[in-house]
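Take a look at the structure set out below.
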Amino acid sequence: MNEVLERTSLIFEVGATRAWLYGVPGVILLSVLGILSVPSLSRRRQAVLRVLRVLLAITLVLLALRPALRKERLSVSAAPLAVLVDASGSMGVKDQGDGTSRLDGLAAWTAEHEDELAELAEGAVVDLFAVTDGGLRAIDLTELREGKLEAAGATDLASALDALAERYAGGRRPAVLLLSDGADRGPLAEAVAAGAALEELGPGLSKDGGPIWAVAPSSGGFADLAVDLAAHDPVAFLRTEMTVRLRVRSRGLGRLSVPVSLFSGDELLQVKSVDLPPSPAEVELTFVLEPVEVGEASFRVSVPRRSGEAVVSNNEVRFPVRVVRDRIRVLQVVGRPSWDGRFLRELFKRDPAVDLISFFILRSAWDSPEADVHELSLIPFPVDELFGQKLDGFDLIVFQNFNFRPYRIERHLGQVRRHVEERGGGLLVVGGDLAFAADYLGEDLQSVLPVQLARPARWSSDEVRFRPTEVGKRHPVLSPWGGTDPTPWLSELLPLSGIQTGFGLPPGAEVLLETADSDRSPLLVAAERGKGRSLALLSDGSWRWSLPMASGGGNVRSYERFWRQAIRWLIRDERSSLVVLETERRRLSPGESAEVRVHVREDDYSPRPGAEVALRLVGPTGEQLEAATATTEEDGIARWTVLPKNPGLHVVWARVGDREVGPLHLERVDPAGELADAAVNLELLESLSEHAEGEASETGDGFPDLRRLRQERRSRVEAASLHPLWSTWWAFGLLAVGLSFEWWLRRRWGLA
Amino acid sequence: MTVTRRLVALVVLSTCVLTLSDAVAQRSRQRPVVELAVLRADGEDADRSRRSLRALAAKVARRTSVEMTTTEPPVLGASDPKLFDHPLVFLAGSDDFGGWNEADSDALRTYLTSGGMIVLDDASGKGDSAFRERARAELSRILGGREFTPLEDDHALFRSYYLLQRPWGRVDVSDVLQGLVLDGRVAVIDSRNDLLGALERDALGGWARPVHPGGREQRERALRLGVNLVLYALTLDYKEDLVHLPLILERRR
């Protein structure tokens, strides 16, 4: 409501500065001249004339400064006020007694203080907004009073204040009456926690903004036990420890001892117990994991529900982790130095992505070095250390022409089996006369080998010609794309020298190469074994695809190509995939999208432009939400932007031809994030109000003192008029009378 | 026991021994083996090198787990395709052999860059023969001007089997081995002390040449260097892995 006032003021048309600049010296000059020019008369008459001349000088100068009267009509108003009602998810928490929510409590509070609000509306423009997800929505007071506001979305007060500043841009910034629980999860909470300057958060909290009075619902009845992520890396390295830091909070509960459980999918991985002092309490704990599988993993941490908890959705938290391989860790054990062992070692060493430990058995029990031990560089084979303790640190174990018996490794073969079957390790056995000896017959190793031994294998040093089987032509070891017949490049390879025979094929084994004679003996056999894979090359002559191939201009890269494909298949190396699915952002806020990129490569790993990619987005409950097709560009990458609308863990799959890759996990931050710590945060509201020169209180404290708001009235000139005083008849008459009176006196006192 | 019975017993025993040795030899032929070879240098006595390498192969087979071919090693020309079946070859001589033509040079370049290794052995006993000078210049040219560099005494070659501090041979004119290194691998080794001369056997199985000045002990060290050369060719810098093993394992944690 506005008030109209009239105001009149005296001004000088020449301006105040000029009035002083010219007026004072003018009066002094004219007065001095007038006084000095008074003739010799009696003292009384001289005084009369001097006073008269000073008055005339003042009058003359004043008129010269062009005095005028300015009359104004003013419209006076109080400051505008924006009432922001927090309608985020946390305002639906029913902790206000008798099952009423915080929004219900604030509705009751507004009804209770209807008169004060009405009084505010009389002296100012009052706008009402619901605030959620950092945005504003104009509402009516009755919407709040009648409980029609729905509590949903996240609390982001800083963004909401920015939106308010934008809405009032160009006009007077309003004062704010903020009705909120302060359970902020946005930048304001982070800034307050860090003690950072709030004005840097955005225009909504700049220093030229209006004051903020905050009113919070009562905080007395809130009871909650919650677990929340403090820090975790969305990307972890295979078989490398990753740390997940969590916070367990209790509010409104007594002293507690709480079990905290970590799950991978539905599998319980670890349980830790935390002791919480009486509320409010917060304890950090750390889980240390060692991912054993490359790819996408989804973890879940939970604490048990307590009776009387206001929020139960924050009793568990989920987080996706992408497990990648930083290096390929290879253990190569060579039973006897040979060219085959040397060239495979050299191939491993040339690959910067490989961490290699080689062991060559340089001396057997029958060899005589003819030297003292201290003259030899030989060290004992650290069997227990490597096979008993460190085996899990390797991605790939290579037994190359190796017999276990002299080294008592058979007691660790169970560990090798578990490494393959349970931890997803790769096992490569390369032939030679020492390999596939009696110890290979044991149950532990036999269960992960791709070949079946009835007795120790037979060795022949004959030249071996070979060909791919039908399975081999499609298998990733020989044909990464599955559809490209590897026969042409395989036919260029030299025959091998030496082969082991006498094998059967266990279930699940696939012969990829066989001898080209009528026996069709297996030469290269592959098998999936539990989570891992195993491959057997029943010859020690593959080195002939290296240096000997160079003779006559053969392709020496064939050796490298064969083994790289084999190794990548063995360890399920995602970098070896010809279709790779990736994104940069995996945790998405509401309204935030993610760009999914699909890399498609040719057999030789060069980018494959123009490939059709079918993509689909699957929601948290398993239903397909969206599907699209995209085409790879010149860089071999197809791009797809997805916007998960509902909270929860989403999954993206991509298909190129008959090859499907995925899952790629995207987590849309859910209301559990809003409710992760849903306690009324009066401290945050106090910090906010203090910054904005207002005050914070709870509903029980009554209506805030907004007198300052009423005092911050602002006037606006609606009309103004100017009335000159120097150009009036009476001003001229006054000057004329004064001069005439002096002239009359001078005549009377005998002066000419 | 009568003489007849003794003769019968001797024949039976001899037959058994021969049969057994045949079986052992047959089995040995069935194993994957490593064969050394001589790289021919025009005008040089390749037979001398063959005898030396045969002796070296026998020592390697006896002292290490490596299965070696102990027959006379082949002598191969630079353009011989069979050169590529032998990742380790020895080139020995005393006189200027005139170098290699373009085809030979191309073949040697391919051989060395594809994983082959050449041991250059100065047989002159002086360590600075025309042979050595020519061979070094030619091999350096073939590898694009790459220069020989000294191999430090902690190089993997000096501890690939025996722990050695320096090179040895029939003479002792140099305590340094030099090498041409390709991708971290020594592709050419330059030995000045006539290593093969210290290993050469005569027709009766005795040492063909005296060793100066260290005599028997020096010959033993030369033998050990020969063994190390073969083991280095077969295992490369594997011993450097072991040095760093604790560190590598610790890093895995």
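Just so we're on the same page: first chain in the structure tokens is A, next is B, and so on; residues restart at 1 for each chain, and ligands are numbered from 1 in the order they show up.
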Nearby residues (only C-alpha atoms) at most 6 Å from Arg170 (chain B), same-chain spacing under 6 positions excluded, as a PyMOL selection string: chain B and resi 194-195+197-198+211
Near Asp540 (chain A), counting only C-alpha atoms, which residues have an atom at most 10 Å away, once you skip same-chain residues fewer than 4 positions from it, shown as a ChimeraX atom specification? /A:338-341,400-401,430-433,435,461,496-500,544 /B:32
Please report as a tab-separated table every residue of chain B lying within 6 Å of chain A, along with the nearest atom pair and their distance in Å (one decimal), using only C-alpha atoms.
residue	atom	partner	partner_atom	distance
B:Gln30	CA	A:Ser461	CA	5.4
B:Arg62	CA	A:Asp367	CA	5.7
B:Arg63	CA	A:Pro369	CA	4.2
B:Thr64	CA	A:Arg363	CA	4.7
B:Ser65	CA	A:Arg363	CA	4.6
B:Val66	CA	A:Pro337	CA	5.6
B:Pro81	CA	A:Ser551	CA	5.6
B:Phe84	CA	A:Pro548	CA	4.6
B:Asp85	CA	A:Pro548	CA	5.3
B:Ser114	CA	A:Leu547	CA	5.4
B:Gly115	CA	A:Leu547	CA	6.0
B:Arg159	CA	A:Ser377	CA	5.6
B:Tyr161	CA	A:Ser377	CA	5.3
B:Tyr162	CA	A:Leu376	CA	4.3
B:Leu163	CA	A:Leu376	CA	5.3
B:Leu234	CA	A:Arg342	CA	5.2
B:Thr235	CA	A:Arg342	CA	5.3
Next, dump the selected residues to file, keeping only C-alpha atoms, as a tab-separated table (two decimals), in the first residue's frame.
chain	number	residue	atom	x	y	z
B	30	GLN	CA	62.62	-84.80	-29.70
B	62	ARG	CA	75.73	-79.14	-19.40
B	63	ARG	CA	75.62	-76.15	-17.10
B	64	THR	CA	72.10	-74.76	-17.68
B	65	SER	CA	68.62	-76.02	-18.39
B	66	VAL	CA	68.80	-74.86	-22.00
B	81	PRO	CA	66.79	-67.23	-45.17
B	84	PHE	CA	66.18	-65.89	-39.42
B	85	ASP	CA	65.76	-69.29	-37.74
B	114	SER	CA	63.09	-58.17	-35.93
B	115	GLY	CA	64.78	-59.67	-32.90
B	159	ARG	CA	74.41	-61.56	-14.69
B	161	TYR	CA	73.62	-66.74	-15.41
B	162	TYR	CA	77.05	-66.17	-13.92
B	163	LEU	CA	77.96	-63.03	-12.04
B	234	LEU	CA	67.24	-66.28	-24.50
B	235	THR	CA	66.02	-64.22	-21.55
Identify all residues of region 158-229 of chain B in strand (DSSP E or B) (DSSP on the backbone) and supply them as a PDB file with C-alpha atoms, in the first residue's frame.
ATOM      1  CA  TYR B 162      77.052 -66.169 -13.917  1.00  0.00           C
ATOM      2  CA  GLN B 178      80.275 -52.557 -26.335  1.00  0.00           C
ATOM      3  CA  GLY B 179      76.874 -52.922 -27.895  1.00  0.00           C
ATOM      4  CA  LEU B 180      74.340 -51.521 -30.309  1.00  0.00           C
ATOM      5  CA  VAL B 181      71.049 -51.220 -28.471  1.00  0.00           C
ATOM      6  CA  LEU B 182      67.647 -51.463 -30.176  1.00  0.00           C
ATOM      7  CA  ARG B 185      67.760 -54.925 -26.309  1.00  0.00           C
ATOM      8  CA  VAL B 186      71.429 -55.328 -27.208  1.00  0.00           C
ATOM      9  CA  ALA B 187      71.257 -56.331 -30.862  1.00  0.00           C
ATOM     10  CA  VAL B 188      75.008 -56.342 -31.563  1.00  0.00           C
ATOM     11  CA  ILE B 189      77.730 -57.167 -29.041  1.00  0.00           C
ATOM     12  CA  ASP B 190      81.316 -56.212 -29.736  1.00  0.00           C
ATOM     13  CA  SER B 191      83.859 -58.508 -28.026  1.00  0.00           C
ATOM     14  CA  ARG B 201      88.486 -77.388 -29.162  1.00  0.00           C
ATOM     15  CA  TRP B 207      91.588 -76.761 -25.951  1.00  0.00           C
TER      16      TRP B 207
END
So that I can see what lies close to region 145-157 of chain B, please list as a compact mmCIF listing (two decimals) with C-alpha atoms, in the first residue's frame the residues with an atom at most 7 Å from it, counting only C-alpha atoms and leaving out residues fewer than 5 positions away in the same chain.
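The new file part-v7.txt reads:
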# COMPACT_ATOMS: atom_id res chain seq x y z
CA SER B 140 76.41 -49.12 -37.45
CA GLN B 165 82.14 -57.89 -13.90
CA ARG B 166 83.86 -57.64 -17.28
CA VAL B 176 84.69 -53.41 -21.78
CA LEU B 177 81.97 -54.90 -23.96
CA GLN B 178 80.28 -52.56 -26.33
CA GLY B 179 76.87 -52.92 -27.89
CA LEU B 180 74.34 -51.52 -30.31
CA ASN B 228 75.88 -65.58 -20.30
CA LEU B 229 75.69 -64.43 -23.92
CA TYR B 232 70.99 -63.17 -22.39
CA ASP B 237 66.86 -58.37 -19.31
CA LYS B 239 67.49 -60.50 -14.40
CA GLU B 240 66.61 -56.87 -14.12
In region 134-188 of chain B, what's alpha helix (DSSP H) per DSSP? Answer as a VMD selection string? chain B and resid 134 to 142
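With CA of Phe402 (chain A) on one side and CA of Ala509 (chain A) on the other, the separation reads 21.5 Å.
Between Gly77 (chain B) and the candidates B:Leu196, B:Leu225, B:Leu108, B:Val171, the tightest atom-to-atom separation, counting only C-alpha atoms, involves B:Leu108.
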